[in-house]
Each structure stands twice: as structure tokens, then as C-alpha cells.
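Q: This is upload.pdb (PDB, C-alpha atoms and all ligand atoms).
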ATOM      1  CA  MET K 160     -11.014 -14.390  -4.917  1.00  0.00           C
ATOM      2  CA  THR K 161     -10.146 -16.674  -2.037  1.00  0.00           C
ATOM      3  CA  TYR K 162      -6.781 -18.352  -1.694  1.00  0.00           C
ATOM      4  CA  PRO K 163      -5.674 -21.008   0.779  1.00  0.00           C
ATOM      5  CA  ALA K 164      -4.070 -19.644   3.935  1.00  0.00           C
ATOM      6  CA  SER K 165      -0.287 -19.404   3.994  1.00  0.00           C
ATOM      7  CA  GLU K 166       1.822 -21.066   6.654  1.00  0.00           C
ATOM      8  CA  VAL K 167       2.082 -19.220   9.973  1.00  0.00           C
ATOM      9  CA  VAL K 168       5.408 -20.022  11.644  1.00  0.00           C
ATOM     10  CA  GLU K 169       4.817 -19.966  15.402  1.00  0.00           C
ATOM     11  CA  GLU K 170       8.460 -19.521  16.469  1.00  0.00           C
ATOM     12  CA  PRO K 171      10.218 -17.720  13.631  1.00  0.00           C
ATOM     13  CA  ALA K 172      14.003 -17.621  13.467  1.00  0.00           C
ATOM     14  CA  LEU K 173      13.917 -13.921  12.501  1.00  0.00           C
ATOM     15  CA  PHE K 174      12.800 -11.367  15.104  1.00  0.00           C
ATOM     16  CA  ALA K 175       9.081 -10.612  14.677  1.00  0.00           C
ATOM     17  CA  PRO K 176       8.100  -7.438  16.540  1.00  0.00           C
ATOM     18  CA  ALA K 177       4.401  -6.945  17.260  1.00  0.00           C
ATOM     19  CA  PRO K 178       2.819  -4.128  15.245  1.00  0.00           C
ATOM     20  CA  GLU K 179       0.734  -1.339  16.704  1.00  0.00           C
ATOM     21  CA  VAL K 180      -2.771  -2.225  15.581  1.00  0.00           C
ATOM     22  CA  ALA K 181      -4.811   0.817  14.617  1.00  0.00           C
ATOM     23  CA  PRO K 182      -8.592   0.245  14.892  1.00  0.00           C
ATOM     24  CA  GLU K 183      -9.096   0.593  11.119  1.00  0.00           C
ATOM     25  CA  LEU K 184      -6.503  -2.157  10.547  1.00  0.00           C
ATOM     26  CA  ARG K 185      -7.962  -4.671  13.021  1.00  0.00           C
ATOM     27  CA  GLU K 186      -9.365  -6.767  10.129  1.00  0.00           C
ATOM     28  CA  PHE K 187      -5.988  -6.727   8.352  1.00  0.00           C
ATOM     29  CA  TRP K 188      -4.093  -7.961  11.420  1.00  0.00           C
ATOM     30  CA  ASP K 189      -6.789 -10.527  12.309  1.00  0.00           C
ATOM     31  CA  ALA K 190      -6.317 -11.958   8.797  1.00  0.00           C
ATOM     32  CA  THR K 191      -2.544 -12.171   9.225  1.00  0.00           C
ATOM     33  CA  SER K 192      -3.045 -14.237  12.359  1.00  0.00           C
ATOM     34  CA  GLU K 193      -4.874 -16.754  10.141  1.00  0.00           C
ATOM     35  CA  GLY K 194      -2.255 -16.722   7.370  1.00  0.00           C
ATOM     36  CA  ARG K 195      -4.039 -14.384   4.966  1.00  0.00           C
ATOM     37  CA  LEU K 196      -2.692 -11.126   3.515  1.00  0.00           C
ATOM     38  CA  LEU K 197      -5.319  -8.489   2.734  1.00  0.00           C
ATOM     39  CA  LEU K 198      -4.960  -5.592   0.318  1.00  0.00           C
ATOM     40  CA  ARG K 199      -7.331  -2.715  -0.267  1.00  0.00           C
ATOM     41  CA  ARG K 200      -8.806  -2.552  -3.770  1.00  0.00           C
ATOM     42  CA  CYS K 201     -10.302   0.649  -5.131  1.00  0.00           C
ATOM     43  CA  THR K 202     -13.729  -0.049  -6.647  1.00  0.00           C
ATOM     44  CA  VAL K 203     -13.539   3.124  -8.755  1.00  0.00           C
ATOM     45  CA  CYS K 204     -10.136   2.845 -10.513  1.00  0.00           C
ATOM     46  CA  ASP K 205      -9.530  -0.875  -9.696  1.00  0.00           C
ATOM     47  CA  GLU K 206      -5.988  -0.321  -8.376  1.00  0.00           C
ATOM     48  CA  ALA K 207      -4.647  -2.522  -5.567  1.00  0.00           C
ATOM     49  CA  ILE K 208      -3.510  -0.337  -2.676  1.00  0.00           C
ATOM     50  CA  TRP K 209      -0.543  -0.876  -0.378  1.00  0.00           C
ATOM     51  CA  TYR K 210      -0.133   0.024   2.459  1.00  0.00           C
ATOM     52  CA  PRO K 211      -3.769  -0.489   3.500  1.00  0.00           C
ATOM     53  CA  ARG K 212      -5.614   2.821   3.922  1.00  0.00           C
ATOM     54  CA  PRO K 213      -9.161   4.050   3.489  1.00  0.00           C
ATOM     55  CA  VAL K 214      -8.514   6.557   0.677  1.00  0.00           C
ATOM     56  CA  CYS K 215      -7.270   5.472  -2.763  1.00  0.00           C
ATOM     57  CA  PRO K 216      -3.883   7.155  -3.456  1.00  0.00           C
ATOM     58  CA  PHE K 217      -4.550   6.964  -7.222  1.00  0.00           C
ATOM     59  CA  CYS K 218      -7.983   8.577  -7.547  1.00  0.00           C
ATOM     60  CA  HIS K 219      -8.740   9.737  -3.961  1.00  0.00           C
ATOM     61  CA  SER K 220     -11.915   7.699  -3.762  1.00  0.00           C
ATOM     62  CA  THR K 221     -13.008   6.329  -0.388  1.00  0.00           C
ATOM     63  CA  ARG K 222     -14.711   3.408  -2.118  1.00  0.00           C
ATOM     64  CA  THR K 223     -12.174   0.719  -1.285  1.00  0.00           C
ATOM     65  CA  VAL K 224     -12.672  -2.870  -0.152  1.00  0.00           C
ATOM     66  CA  TRP K 225     -10.566  -5.622   1.391  1.00  0.00           C
ATOM     67  CA  GLU K 226      -9.300  -8.322  -0.934  1.00  0.00           C
ATOM     68  CA  GLN K 227      -7.108 -11.332  -0.184  1.00  0.00           C
ATOM     69  CA  ALA K 228      -3.705 -11.327  -1.900  1.00  0.00           C
ATOM     70  CA  SER K 229      -2.593 -14.489  -3.681  1.00  0.00           C
ATOM     71  CA  GLY K 230       0.634 -14.641  -1.679  1.00  0.00           C
ATOM     72  CA  ARG K 231       2.687 -14.828  -4.882  1.00  0.00           C
ATOM     73  CA  GLY K 232       5.218 -12.313  -6.098  1.00  0.00           C
ATOM     74  CA  HIS K 233       8.825 -11.712  -7.027  1.00  0.00           C
ATOM     75  CA  ILE K 234      11.768  -9.869  -5.537  1.00  0.00           C
ATOM     76  CA  TYR K 235      11.836  -6.316  -6.906  1.00  0.00           C
ATOM     77  CA  THR K 236      15.002  -5.422  -4.998  1.00  0.00           C
ATOM     78  CA  TYR K 237      16.750  -6.447  -1.795  1.00  0.00           C
ATOM     79  CA  SER K 238      19.665  -5.890   0.555  1.00  0.00           C
ATOM     80  CA  VAL K 239      21.438  -8.363   2.810  1.00  0.00           C
ATOM     81  CA  VAL K 240      21.822  -6.865   6.280  1.00  0.00           C
ATOM     82  CA  ARG K 241      25.007  -8.227   7.803  1.00  0.00           C
ATOM     83  CA  ARG K 242      25.063  -6.155  11.017  1.00  0.00           C
ATOM     84  CA  GLY K 243      21.674  -5.930  12.659  1.00  0.00           C
ATOM     85  CA  THR K 244      20.831  -4.196  15.916  1.00  0.00           C
ATOM     86  CA  GLY K 245      18.377  -4.836  18.726  1.00  0.00           C
ATOM     87  CA  GLY K 246      16.140  -7.806  17.971  1.00  0.00           C
ATOM     88  CA  TYR K 247      17.782  -8.079  14.569  1.00  0.00           C
ATOM     89  CA  ALA K 248      21.309  -8.527  15.946  1.00  0.00           C
ATOM     90  CA  ASP K 249      21.295 -12.144  14.772  1.00  0.00           C
ATOM     91  CA  ALA K 250      22.192 -11.146  11.178  1.00  0.00           C
ATOM     92  CA  PRO K 251      22.500 -11.763   8.301  1.00  0.00           C
ATOM     93  CA  TYR K 252      18.936 -11.371   7.049  1.00  0.00           C
ATOM     94  CA  VAL K 253      17.353 -10.099   3.848  1.00  0.00           C
ATOM     95  CA  LEU K 254      15.384  -6.849   3.641  1.00  0.00           C
ATOM     96  CA  ALA K 255      13.473  -6.606   0.373  1.00  0.00           C
ATOM     97  CA  TYR K 256      10.747  -5.090  -1.696  1.00  0.00           C
ATOM     98  CA  VAL K 257       8.535  -7.821  -3.075  1.00  0.00           C
ATOM     99  CA  GLU K 258       6.269  -6.983  -5.991  1.00  0.00           C
ATOM    100  CA  LEU K 259       3.025  -8.833  -5.371  1.00  0.00           C
ATOM    101  CA  ALA K 260       1.221 -10.559  -8.229  1.00  0.00           C
ATOM    102  CA  GLU K 261      -1.510  -7.945  -7.644  1.00  0.00           C
ATOM    103  CA  GLY K 262       0.987  -5.133  -8.365  1.00  0.00           C
ATOM    104  CA  PRO K 263       1.916  -3.366  -5.110  1.00  0.00           C
ATOM    105  CA  ARG K 264       5.486  -3.469  -3.801  1.00  0.00           C
ATOM    106  CA  VAL K 265       5.762  -4.432  -0.157  1.00  0.00           C
ATOM    107  CA  MET K 266       8.749  -3.912   2.133  1.00  0.00           C
ATOM    108  CA  THR K 267       9.382  -7.228   3.832  1.00  0.00           C
ATOM    109  CA  ASN K 268      11.955  -9.877   4.630  1.00  0.00           C
ATOM    110  CA  ILE K 269      13.001 -12.864   2.565  1.00  0.00           C
ATOM    111  CA  VAL K 270      13.308 -15.827   4.926  1.00  0.00           C
ATOM    112  CA  ASP K 271      14.105 -19.565   4.744  1.00  0.00           C
ATOM    113  CA  CYS K 272      16.791 -18.859   2.166  1.00  0.00           C
ATOM    114  CA  ASP K 273      20.532 -18.757   1.586  1.00  0.00           C
ATOM    115  CA  THR K 274      21.144 -14.992   1.886  1.00  0.00           C
ATOM    116  CA  ASP K 275      23.913 -15.230  -0.728  1.00  0.00           C
ATOM    117  CA  ALA K 276      21.628 -16.906  -3.281  1.00  0.00           C
ATOM    118  CA  VAL K 277      18.795 -14.343  -3.295  1.00  0.00           C
ATOM    119  CA  GLU K 278      18.235 -12.714  -6.701  1.00  0.00           C
ATOM    120  CA  ILE K 279      16.211  -9.844  -8.123  1.00  0.00           C
ATOM    121  CA  GLY K 280      13.288 -11.325 -10.040  1.00  0.00           C
ATOM    122  CA  GLN K 281      13.221 -14.486  -7.927  1.00  0.00           C
ATOM    123  CA  ALA K 282       9.744 -15.940  -7.399  1.00  0.00           C
ATOM    124  CA  VAL K 283       8.669 -15.890  -3.763  1.00  0.00           C
ATOM    125  CA  GLU K 284       5.685 -16.973  -1.703  1.00  0.00           C
ATOM    126  CA  LEU K 285       4.081 -15.622   1.420  1.00  0.00           C
ATOM    127  CA  VAL K 286       4.830 -17.005   4.869  1.00  0.00           C
ATOM    128  CA  PHE K 287       3.776 -15.436   8.156  1.00  0.00           C
ATOM    129  CA  HIS K 288       5.825 -15.062  11.314  1.00  0.00           C
ATOM    130  CA  ARG K 289       3.840 -15.037  14.556  1.00  0.00           C
ATOM    131  CA  THR K 290       4.452 -12.128  16.932  1.00  0.00           C
ATOM    132  CA  ALA K 291       4.214 -12.351  20.708  1.00  0.00           C
ATOM    133  CA  GLU K 292       0.803 -10.635  20.588  1.00  0.00           C
ATOM    134  CA  GLY K 293      -0.905 -13.062  18.189  1.00  0.00           C
ATOM    135  CA  THR K 294      -0.685 -11.096  14.969  1.00  0.00           C
ATOM    136  CA  ALA K 295       1.697 -12.316  12.272  1.00  0.00           C
ATOM    137  CA  LEU K 296       4.124 -10.499   9.984  1.00  0.00           C
ATOM    138  CA  PRO K 297       3.899 -11.105   6.228  1.00  0.00           C
ATOM    139  CA  ARG K 298       7.280 -12.260   4.954  1.00  0.00           C
ATOM    140  CA  PHE K 299       8.329 -14.199   1.871  1.00  0.00           C
ATOM    141  CA  ARG K 300      10.432 -17.232   1.063  1.00  0.00           C
ATOM    142  CA  PRO K 301      11.630 -18.677  -2.241  1.00  0.00           C
ATOM    143  CA  ALA K 302       8.625 -20.191  -4.065  1.00  0.00           C
ATOM    144  CA  ARG K 303       8.363 -23.959  -3.619  1.00  0.00           C
TER     145      ARG K 303
HETATM  146 ZN    ZN A 401      -8.893   4.601  -7.045  1.00  0.00          ZN
END
Could you write out this file's structure as C-alpha cells?
Ligand SMILES: [Zn+2]

A:
Amino acid sequence: MTYPASEVVEEPALFAPAPEVAPELREFWDATSEGRLLLRRCTVCDEAIWYPRPVCPFCHSTRTVWEQASGRGHIYTYSVVRRGTGGYADAPYVLAYVELAEGPRVMTNIVDCDTDAVEIGQAVELVFHRTAEGTALPRFRPAR
């Protein structure tokens, strides 16, 4: 299934460090730069796989394919970081696990929100934050 691209914020307020791009994840990071989040899907057991990897952690098959995530999910759990370090010194910010509509739970940040109003179960949507190297980090904001 194809979904419209999510917004890519060119100058995010929250620090967005560039990832190390392994050759097997070039397609994943190229998609992020265009506002699309890719998951691996196992064609044997049909599970969605996160983090992206070539071998299914459920059935050990190597028959996996890329699939675009819807960009929808909800907050599974979160923590408000009030004392960040390094690039994250400009706290507070929200560190969270978001459960994607496709099932996997992704460690990420909740952005564009009142950090004191974030709630477990809250509906969120994907937004990307551009890094200095052209890739973009998948983060989430309250669903609009
Ligand atoms: Zn499998």
C-alpha cells in the first residue's frame, strides 16, 4: 500500500543527528529523506519487522520485503527528559515508544507538543526531521 509522504521539517527544533547508513539500509534512509517510513514485512509469516533487518526475527526467514508504513500510531509509553546533554541540552523533550498501526513499537521522539500534555494511548502521526546529511529522522507529533 502507498501512503502520501509525511512532512519533512528542514530545520527541526529538536537535535537531529545524522545516522550511520549501512549499505543494506540505503533504501530505508533514502525513503526517509522523501518523508516515507519503510518497514520490512516477512512474506512467510506476514509479521511487520522493526528495526529493519534482512532476517525475520519471528520465523527466521530471509524472505522479507520493504513496505511503506502508514505513519499512524499511538504512544505506547514515554518519558519527558528534563535534563538533556550534548545536542539534546535544550530540554525538555519527549522520548517515547510509539506503536505503529502496523504493530511494531518504535523508539522515537514526540515533537510539536506540550511535553506536560503527552499521554499514553495518544494518537500520533509521523513527521520527519532533516539531518545535516540529507537523511531524515522519523519522529511523531499529536495526530491532527
Ligand atoms: Zn517471518

Q: How close does each residue of chain K get to ligand ZN 401 (chain A), giving the shortest atom pair and distance in Å to one decimal for every residue with an atom at most 9 Å away, counting only C-alpha atoms and all ligand atoms, sorted by chain and residue number, as JSON lines?

A:
{"residue": "K:Arg200", "atom": "CA", "partner": "A:ZN401", "partner_atom": "ZN", "distance": 7.9}
{"residue": "K:Cys201", "atom": "CA", "partner": "A:ZN401", "partner_atom": "ZN", "distance": 4.6}
{"residue": "K:Thr202", "atom": "CA", "partner": "A:ZN401", "partner_atom": "ZN", "distance": 6.7}
{"residue": "K:Val203", "atom": "CA", "partner": "A:ZN401", "partner_atom": "ZN", "distance": 5.2}
{"residue": "K:Cys204", "atom": "CA", "partner": "A:ZN401", "partner_atom": "ZN", "distance": 4.1}
{"residue": "K:Asp205", "atom": "CA", "partner": "A:ZN401", "partner_atom": "ZN", "distance": 6.1}
{"residue": "K:Glu206", "atom": "CA", "partner": "A:ZN401", "partner_atom": "ZN", "distance": 5.9}
{"residue": "K:Ala207", "atom": "CA", "partner": "A:ZN401", "partner_atom": "ZN", "distance": 8.4}
{"residue": "K:Ile208", "atom": "CA", "partner": "A:ZN401", "partner_atom": "ZN", "distance": 8.5}
{"residue": "K:Val214", "atom": "CA", "partner": "A:ZN401", "partner_atom": "ZN", "distance": 8.0}
{"residue": "K:Cys215", "atom": "CA", "partner": "A:ZN401", "partner_atom": "ZN", "distance": 4.7}
{"residue": "K:Pro216", "atom": "CA", "partner": "A:ZN401", "partner_atom": "ZN", "distance": 6.7}
{"residue": "K:Phe217", "atom": "CA", "partner": "A:ZN401", "partner_atom": "ZN", "distance": 4.9}
{"residue": "K:Cys218", "atom": "CA", "partner": "A:ZN401", "partner_atom": "ZN", "distance": 4.1}
{"residue": "K:His219", "atom": "CA", "partner": "A:ZN401", "partner_atom": "ZN", "distance": 6.0}
{"residue": "K:Ser220", "atom": "CA", "partner": "A:ZN401", "partner_atom": "ZN", "distance": 5.4}
{"residue": "K:Thr221", "atom": "CA", "partner": "A:ZN401", "partner_atom": "ZN", "distance": 8.0}
{"residue": "K:Arg222", "atom": "CA", "partner": "A:ZN401", "partner_atom": "ZN", "distance": 7.7}
{"residue": "K:Thr223", "atom": "CA", "partner": "A:ZN401", "partner_atom": "ZN", "distance": 7.7}

Q: Could you tell me which residues the PyMOL selection byres (((chain K and resi 189-198) around 7) and not hetatm) grabs in this file, written as a VMD selection string?

A: chain K and resid 164 to 167 185 to 188 199 to 200 207 to 209 211 225 to 228 287 293 to 296

Q: Give me, please, the distance in Å between CA of Ser238 in chain K and CA of Pro251 in chain K, quoted to one decimal.

A: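 CA of Pro251 in chain K lies 10.1 Å from CA of Ser238 in chain K.
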
Q: Using only C-alpha atoms - which residues lie no farther than 8 Å from the point (1.8, -8.0, 18.2) in the file's frame? Write them as a list in words.

A: Pro176, Ala177, Pro178, Glu179, Val180, Thr290, Ala291, Glu292, Gly293, Thr294 and Ala295 of chain K

Q: Might you spell out which residues the PyMOL selection byres (((chain K and resi 173) around 9) and not hetatm) would select in the displayed file, as an NGL selection string?

A: :K and (170-172 or 174-175 or 246-247 or 249-250 or 252 or 270 or 288)

Q: Go ahead and compute the interatomic distance for CA of Leu285 in chain K and CA of His233 in chain K, in Å to one decimal.

A: 10.4 Å

Q: Which one is closest to Ala260 in chain K: K:Arg231, K:Glu169, K:Tyr210, K:Phe299? Count all atoms listed in the file.

A: K:Arg231

Q: How many Å lie between CA of Glu261 in chain K and CA of Glu278 in chain K, rounded to one decimal?

A: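 Separation of CA of Glu261 in chain K and CA of Glu278 in chain K: 20.3 Å.
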
Q: Give the answer as one residue: which of K:Ile234, K:Ala181, K:Cys272, K:Val277 has the shortest atom-to-atom distance to Tyr256 in chain K, using all atoms listed in the file?

A: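 Distance minimum relative to Tyr256 in chain K lands on K:Ile234.
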
Q: Can you tell me which residues surround Asn268 in chain K at a distance of at most 6 Å, considering only C-alpha atoms, apart from same-chain residues fewer than 2 positions away, and format the answer as a list in words?

A: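 With the cut-off at 6 Å, the set is Val253, Leu254, Ala255 and Arg298 of chain K.
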
Q: Can you spit out the residues from that selection as a PDB file, in the coordinates of the input, using C-alpha atoms?

A:
ATOM      1  CA  VAL K 253      17.353 -10.099   3.848  1.00  0.00           C
ATOM      2  CA  LEU K 254      15.384  -6.849   3.641  1.00  0.00           C
ATOM      3  CA  ALA K 255      13.473  -6.606   0.373  1.00  0.00           C
ATOM      4  CA  ARG K 298       7.280 -12.260   4.954  1.00  0.00           C
TER       5      ARG K 298
END

Q: Determine the axis-aligned bounding box of all atoms of range 218-231 of chain K present in the file, pad each side by 3 Å, and express its centre and edge lengths in Å to one decimal place as AutoDock Vina command-line options.

A:
--center_x -6.0 --center_y -2.5 --center_z -3.1 --size_x 23.4 --size_y 30.6 --size_z 14.9

Q: Fewer than 4 positions away in the same chain doesn't count, so skip those; otherwise give me all residues within 6 Å of Gly232 in chain K, counting all atoms listed in the file, as a ChimeraX atom specification.

A: /K:258-260,282-283
